[in-house]
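To be precise, the following lines are work-v5.txt, and they hold compact mmCIF, C-alpha atoms and all ligand atoms.
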# COMPACT_ATOMS: atom_id res chain seq x y z
CA MET A 12 66.08 -93.24 68.77
CA ASN A 13 62.75 -91.74 69.73
CA ASP A 14 60.39 -92.70 66.88
CA THR A 15 59.34 -89.15 66.17
CA ASN A 16 62.96 -88.02 65.72
CA ILE A 17 63.48 -87.73 62.01
CA LEU A 18 66.64 -85.68 61.61
CA GLN A 19 69.33 -85.78 64.26
CA LEU A 20 72.40 -83.58 64.25
CA ASP A 21 75.13 -84.69 66.60
CA ASN A 22 78.04 -82.32 67.24
CA VAL A 23 77.96 -81.12 63.61
CA ASN A 24 80.71 -78.81 62.36
CA TYR A 25 81.31 -77.18 59.02
CA GLU A 26 84.35 -75.19 58.01
CA TYR A 27 84.96 -73.21 54.84
CA ARG A 28 88.68 -73.43 54.16
CA ASN A 29 91.03 -71.86 51.72
CA LYS A 30 94.79 -71.33 51.62
CA TYR A 31 94.67 -68.32 53.92
CA GLN A 32 91.97 -68.94 56.48
CA SER A 33 89.17 -71.13 57.67
CA VAL A 34 85.71 -70.04 58.78
CA LYS A 35 83.76 -72.23 61.18
CA ALA A 36 80.27 -71.65 59.76
CA VAL A 37 78.58 -74.35 61.89
CA ASN A 38 80.04 -75.02 65.31
CA SER A 39 79.19 -78.07 67.47
CA PHE A 40 75.54 -78.06 66.46
CA ASP A 41 73.44 -80.60 68.39
CA TYR A 42 69.73 -80.95 67.78
CA ASP A 43 66.99 -83.53 67.15
CA PHE A 44 64.22 -82.48 64.78
CA LYS A 45 60.88 -84.27 65.13
CA LYS A 46 57.95 -85.01 62.84
CA GLY A 47 54.84 -82.91 63.32
CA LEU A 48 56.61 -79.75 64.44
CA PHE A 49 57.22 -76.39 62.83
CA TYR A 50 60.73 -75.04 63.47
CA ALA A 51 62.20 -71.61 62.84
CA ILE A 52 65.96 -71.17 62.59
CA THR A 53 66.92 -67.55 63.07
CA GLY A 54 70.09 -65.54 63.38
CA LYS A 55 71.87 -62.57 61.86
CA SER A 56 73.34 -62.64 58.39
CA GLY A 57 76.48 -64.78 58.47
CA SER A 58 75.38 -66.80 61.50
CA GLY A 59 75.41 -70.08 59.54
CA LYS A 60 71.74 -70.60 58.60
CA THR A 61 72.24 -71.35 54.92
CA THR A 62 75.22 -73.59 55.61
CA LEU A 63 73.20 -75.57 58.15
CA LEU A 64 70.36 -75.94 55.65
CA SER A 65 72.70 -77.23 52.95
CA LEU A 66 74.03 -79.85 55.38
CA MET A 67 70.52 -80.99 56.28
CA VAL A 68 69.52 -81.23 52.61
CA GLY A 69 72.63 -83.25 51.88
CA LEU A 70 74.15 -80.75 49.46
CA ASP A 71 77.24 -80.58 51.68
CA THR A 72 78.77 -83.00 54.16
CA PRO A 73 79.84 -81.97 57.67
CA SER A 74 83.53 -81.43 58.42
CA GLY A 75 82.82 -83.22 61.70
CA GLY A 76 79.94 -84.82 63.56
CA ILE A 77 77.02 -86.93 62.38
CA ILE A 78 73.67 -86.24 60.71
CA LYS A 79 71.13 -89.06 60.88
CA TYR A 80 67.88 -89.45 58.94
CA MET A 81 65.51 -91.86 60.72
CA GLY A 82 68.46 -93.24 62.66
CA GLU A 83 70.69 -93.79 59.64
CA ASP A 84 73.92 -91.84 59.13
CA LEU A 85 73.62 -89.75 55.95
CA LYS A 86 77.18 -90.85 55.13
CA ASP A 87 75.88 -94.39 54.64
CA MET A 88 72.93 -93.36 52.50
CA ASN A 89 72.59 -92.73 48.78
CA MET A 90 72.55 -88.91 48.75
CA ASP A 91 70.80 -88.59 45.39
CA LYS A 92 68.00 -90.75 46.69
CA TYR A 93 67.86 -88.85 50.01
CA ARG A 94 67.55 -85.53 48.20
CA ARG A 95 64.97 -86.89 45.78
CA ASP A 96 62.74 -88.80 48.22
CA ASN A 97 63.24 -87.64 51.81
CA VAL A 98 63.78 -83.88 51.88
CA SER A 99 62.21 -81.06 49.89
CA LEU A 100 63.38 -77.48 49.58
CA ILE A 101 61.21 -74.38 49.26
CA TYR A 102 62.92 -71.20 48.11
CA GLN A 103 62.47 -67.49 48.65
CA ASP A 104 61.96 -66.88 44.92
CA PHE A 105 59.69 -69.92 44.37
CA ASN A 106 61.84 -71.43 41.54
CA LEU A 107 58.87 -72.57 39.45
CA PHE A 108 59.36 -73.57 35.82
CA PRO A 109 57.96 -70.64 33.81
CA LEU A 110 57.08 -72.71 30.74
CA LEU A 111 55.13 -75.33 32.65
CA THR A 112 51.58 -74.89 33.93
CA VAL A 113 50.77 -75.08 37.64
CA LEU A 114 49.76 -78.73 37.39
CA GLU A 115 52.80 -79.60 35.27
CA ASN A 116 55.10 -77.89 37.78
CA VAL A 117 53.74 -80.06 40.57
CA MET A 118 53.90 -83.28 38.54
CA TYR A 119 57.45 -82.59 37.40
CA PRO A 120 59.42 -84.19 40.29
CA LEU A 121 57.52 -87.45 39.78
CA GLN A 122 58.02 -87.36 36.02
CA LEU A 123 61.74 -87.06 36.74
CA LYS A 124 61.41 -90.35 38.60
CA GLY A 125 59.96 -91.86 35.44
CA GLN A 126 56.30 -91.87 36.40
CA LYS A 127 53.61 -91.33 33.78
CA LYS A 128 51.50 -88.17 33.76
CA LYS A 129 48.23 -90.06 33.86
CA ASP A 130 49.32 -91.96 36.99
CA ILE A 131 50.41 -88.91 38.99
CA ARG A 132 47.88 -86.27 38.03
CA HIS A 133 45.56 -87.12 40.96
CA LEU A 134 48.45 -86.80 43.42
CA ALA A 135 49.40 -83.37 42.08
CA VAL A 136 45.75 -82.26 42.25
CA GLU A 137 45.56 -83.47 45.86
CA LYS A 138 48.72 -81.61 46.94
CA LEU A 139 47.56 -78.41 45.22
CA ALA A 140 44.26 -78.68 47.09
CA MET A 141 46.22 -79.00 50.35
CA THR A 142 47.73 -75.58 49.67
CA GLY A 143 44.34 -74.13 48.76
CA LEU A 144 44.63 -74.12 44.94
CA ASP A 145 41.62 -75.60 43.14
CA GLU A 146 41.11 -76.69 39.54
CA SER A 147 40.83 -73.13 38.27
CA TYR A 148 44.59 -72.78 38.80
CA HIS A 149 45.75 -75.98 37.10
CA LYS A 150 46.23 -74.64 33.59
CA ARG A 151 47.70 -71.27 34.49
CA TYR A 152 51.37 -70.42 34.10
CA PRO A 153 53.42 -69.08 37.04
CA SER A 154 53.50 -65.60 35.50
CA MET A 155 49.69 -65.50 35.84
CA LEU A 156 49.85 -65.95 39.63
CA SER A 157 50.53 -63.69 42.59
CA GLY A 158 53.66 -64.31 44.65
CA GLY A 159 51.65 -66.01 47.38
CA GLU A 160 49.98 -68.31 44.85
CA GLN A 161 53.35 -69.15 43.30
CA GLN A 162 54.69 -70.11 46.70
CA ARG A 163 51.66 -72.38 47.22
CA VAL A 164 52.49 -74.15 43.96
CA ALA A 165 56.10 -74.53 45.13
CA ILE A 166 54.89 -76.06 48.39
CA ALA A 167 52.62 -78.50 46.52
CA ARG A 168 55.59 -79.46 44.36
CA ALA A 169 57.66 -80.05 47.50
CA LEU A 170 54.95 -82.33 48.93
CA VAL A 171 54.38 -84.49 45.88
CA THR A 172 57.64 -86.42 46.24
CA GLY A 173 56.52 -87.95 49.52
CA ALA A 174 59.32 -86.28 51.48
CA THR A 175 58.62 -85.89 55.20
CA ILE A 176 61.08 -83.06 55.81
CA LEU A 177 60.31 -79.67 54.30
CA LEU A 178 63.12 -77.14 54.46
CA ALA A 179 62.43 -73.56 53.49
CA ASP A 180 64.93 -70.73 53.07
CA GLU A 181 63.18 -67.41 53.75
CA PRO A 182 59.90 -68.64 52.16
CA THR A 183 58.12 -65.35 52.87
CA GLY A 184 61.03 -63.10 51.90
CA ASN A 185 59.39 -61.99 48.65
CA LEU A 186 55.82 -61.74 49.96
CA ASP A 187 53.77 -59.01 51.59
CA THR A 188 52.65 -59.55 55.18
CA GLU A 189 49.24 -61.03 54.36
CA ASN A 190 50.56 -63.54 51.82
CA GLY A 191 53.50 -64.32 54.06
CA ASP A 192 51.16 -65.08 56.95
CA ASN A 193 49.10 -67.38 54.72
CA ILE A 194 52.19 -69.32 53.65
CA VAL A 195 53.28 -69.65 57.26
CA SER A 196 49.89 -71.00 58.31
CA ILE A 197 49.94 -73.53 55.45
CA LEU A 198 53.41 -74.71 56.51
CA LYS A 199 52.37 -74.88 60.13
CA SER A 200 49.27 -76.93 59.38
CA LEU A 201 51.32 -79.30 57.21
CA ALA A 202 53.40 -79.98 60.32
CA HIS A 203 50.51 -80.22 62.76
CA SER A 204 47.85 -81.96 60.65
CA GLU A 205 49.92 -83.99 58.21
CA GLY A 206 52.95 -84.80 60.37
CA TYR A 207 55.65 -83.17 58.27
CA CYS A 208 58.83 -81.91 59.88
CA VAL A 209 58.92 -78.30 58.69
CA ILE A 210 62.11 -76.29 59.16
CA VAL A 211 62.12 -72.66 58.10
CA VAL A 212 65.24 -70.52 57.97
CA THR A 213 64.27 -66.91 58.44
CA HIS A 214 65.10 -63.61 59.98
CA ASP A 215 61.38 -62.78 60.05
CA LEU A 216 60.46 -62.53 63.72
CA ASP A 217 56.76 -63.02 62.90
CA ILE A 218 57.52 -66.55 61.71
CA ALA A 219 59.64 -67.21 64.77
CA SER A 220 56.78 -66.07 67.01
CA VAL A 221 54.40 -68.76 65.69
CA ALA A 222 56.93 -71.61 65.46
CA ASP A 223 56.79 -74.56 67.85
CA GLU A 224 60.53 -74.29 68.41
CA VAL A 225 62.87 -71.41 67.67
CA LEU A 226 66.56 -72.15 67.17
CA GLN A 227 68.77 -69.14 67.34
CA LEU A 228 72.19 -69.26 65.72
CA LYS A 229 75.13 -67.06 66.56
CA ASP A 230 78.52 -67.56 64.91
CA GLY A 231 77.45 -71.07 63.89
CA LYS A 232 76.43 -72.02 67.41
CA LEU A 233 72.97 -72.77 68.76
CA ILE A 234 72.35 -70.27 71.54
CA GLN A 235 68.73 -70.95 72.38
N1 LIG A 301 81.56 -70.25 50.16
C1 LIG A 301 82.04 -69.74 51.29
N2 LIG A 301 83.38 -69.59 51.50
C2 LIG A 301 83.85 -69.08 52.63
N3 LIG A 301 83.09 -68.67 53.66
C3 LIG A 301 81.74 -68.77 53.53
C4 LIG A 301 81.15 -69.29 52.33
N4 LIG A 301 79.80 -69.26 52.48
C5 LIG A 301 79.56 -68.75 53.71
N5 LIG A 301 80.73 -68.44 54.33
C6 LIG A 301 80.87 -67.90 55.69
O1 LIG A 301 80.28 -68.82 56.61
C7 LIG A 301 79.55 -68.12 57.62
C8 LIG A 301 78.08 -68.56 57.60
O2 LIG A 301 77.48 -68.18 56.37
P1 LIG A 301 75.97 -68.54 55.98
O3 LIG A 301 75.73 -69.97 56.29
O4 LIG A 301 75.74 -68.09 54.59
O5 LIG A 301 75.16 -67.63 57.02
P2 LIG A 301 73.65 -67.06 56.93
O6 LIG A 301 72.87 -67.89 55.98
O7 LIG A 301 73.15 -67.13 58.34
O8 LIG A 301 73.76 -65.63 56.47
C9 LIG A 301 79.76 -66.64 57.33
O9 LIG A 301 80.84 -66.21 58.12
C10 LIG A 301 80.11 -66.61 55.86
O10 LIG A 301 80.93 -65.50 55.57
MG MG A 302 71.74 -67.29 54.31
Using structure tokens, write down the structure that the file contains.
Ligand SMILES: Nc1ncnc2c1ncn2[C@@H]1O[C@H](COP(=O)(O)OP(=O)(O)O)[C@@H](O)[C@H]1O
Ligand SMILES: [Mg+2]
Amino acid sequence: MNDTNILQLDNVNYEYRNKYQSVKAVNSFDYDFKKGLFYAITGKSGSGKTTLLSLMVGLDTPSGGIIKYMGEDLKDMNMDKYRRDNVSLIYQDFNLFPLLTVLENVMYPLQLKGQKKKDIRHLAVEKLAMTGLDESYHKRYPSMLSGGEQQRVAIARALVTGATILLADEPTGNLDTENGDNIVSILKSLAHSEGYCVIVVTHDLDIASVADEVLQLKDGKLIQ
């Protein structure tokens, strides 16, 4: 294993099956994702993007093939721990907790792990600063923020767990062009300056044009 390879997919397949038919949503997918790079996965609706994402996050297991995190087969790992500590998801609709303040939203994943508020506050403040949100935002509620600001909070929350892989499903889908571009540059600098492996699923060609690597899916297959 090359030491920058963090997530390796080796001949990965995924089939949705029922009594009548089976759909091969991911078909012989081979790829090594590395730390420090910003990836865009593109493809038409139905090409397998969401399915691939759910395999990488460990929400589903491949029908065939192997996925390795830092050289270790996901099958041999504790999936709850993998999802809690090693990968973070960022959503199109932000998924913030409406009744928690900005700072509380970002601290929440660590509180779930049993850590005390007073011990984690500084970490949450630091991650918010990395997305460009200073103290004046800490006590606001999500409803008092623009879409772009909400997505920054969601990114800070994804960073606070210490995960090195950030997976985002259409993170700019609900944003105007300017806010979308800002989110993309934050994600890109997290990859380039902080060493995260950032993987964005999108049909936004503007994101694809600034990505380090573009993976194009067609009928579950990597075509480029
Ligand atoms: N729960 C499911 N049951 C059966 N087929 C599914 C299910 N979810 C997705 N599919 C099929 O798998 C293929 C890939 O879907 P998906 O991963 O959602 O693609 P994308 O995110 O690129 O739009 C499509 O043909 C879709 O119809
Ligand atoms: Mg999808």
Selection: 10 Å around Asp192 of chain A, only C-alpha atoms, excl. self and same-chain fewer than 5 positions, as an NGL selection string: :A and (159 or 183 or 186-187 or 197-198 or 217-218)
Residues within 7 Å of ligand LIG 301 (chain A), counting only C-alpha atoms and all ligand atoms, as a list of chain:residue names: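 If we count only C-alpha atoms and all ligand atoms, the neighbours of ligand LIG 301 (chain A) turn out to be A:Tyr27, A:Arg28, A:Val34, A:Lys35, A:Ala36, A:Gly54, A:Lys55, A:Ser56, A:Gly57, A:Ser58, A:Gly59, A:Lys60, A:Thr61, A:Thr62, A:Leu63, A:Gly231.
Here the question is which of A:Ile78, A:Ala135, A:Leu216, A:Val68 gets nearest to Thr188 of chain A using only C-alpha atoms, and that residue is A:Leu216.
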Residue nearest ligand MG 302 (chain A) among A:Asp230, A:Glu181, A:Asp91, A:Glu137 (counting only C-alpha atoms and all ligand atoms): A:Glu181
Spatial neighbours of Ile210 of chain A, max dist 6 Å, only C-alpha atoms, sep filter under 2 positions, as a VMD selection string: chain A and resid 50 to 51 178
Radius query 6 Å about (66.7, -84.0, 53.8), atoms used: only C-alpha atoms, as a list in words: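 With a cut-off of 6 Å, the residues come to Met67, Val68, Arg94, Asn97 and Val98 of chain A.
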Atomic distance atom CA of Thr15 of chain A - atom CA of Tyr207 of chain A, expressed in Å with one decimal: 10.6 Å
Atom-to-atom span, atom CA of Met118 of chain A and atom CA of Met88 of chain A, Å: 25.7 Å
Given only C-alpha atoms and all ligand atoms as the counted atoms, nearest of A:Ile52, A:Val23, A:Ala202, A:Ala140 to ligand MG 302 (chain A): A:Ile52
Atom pair atom CA of Thr175 of chain A / atom CA of Met141 of chain A: separation (Å): 15.0 Å
Counting only C-alpha atoms, the option among A:Phe44, A:Tyr80, A:Tyr152, A:Tyr31 closest to Pro109 of chain A: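 Ranked by minimum distance to Pro109 of chain A, first place goes to A:Tyr152.
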Shell of 10 Å around His203 of chain A, all atoms listed in the file, local chain residues under 6 positions omitted, as a list in words: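 Residues meeting the cut-off are Lys46, Gly47, Leu48, Phe49, Ile197, Val209 and Asp223 of chain A.
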Nearest to Leu110 of chain A, chosen from A:Thr172, A:Thr72, A:Asn89, A:Ser154, with all atoms listed in the file counted in the distances: A:Ser154
Counting only C-alpha atoms and all ligand atoms, the option among A:Asn185, A:Ser74, A:Leu228, A:Asp180 closest to ligand MG 302 (chain A): A:Asp180
Axis-aligned box for all listed atoms of segment 107-110 of chain A, 5 Å per side, centre and edges in Å to one decimal, as AutoDock Vina command-line options:
--center_x 58.2 --center_y -72.1 --center_z 35.1 --size_x 12.3 --size_y 12.9 --size_z 18.7
Residue list as a ChimeraX atom specification for point (44.3, -73.1, 42.6), cut-off 12 Å, only C-alpha atoms: /A:112-114,117,135-153,155-157,159-164,167
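When the distance limit is 8 Å and all atoms listed in the file are what count, the residues near Phe40 of chain A, minus those fewer than 4 positions from it on the same chain, are Leu20, Asp21, Asn22, Val23, Asn24, Gly231, Lys232 and Leu233 of chain A.
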Residues near Gly69 of chain A, cut-off 8 Å, all atoms listed in the file, skip fewer than 5 positions along chain, as a ChimeraX atom specification: /A:85,90,93-94
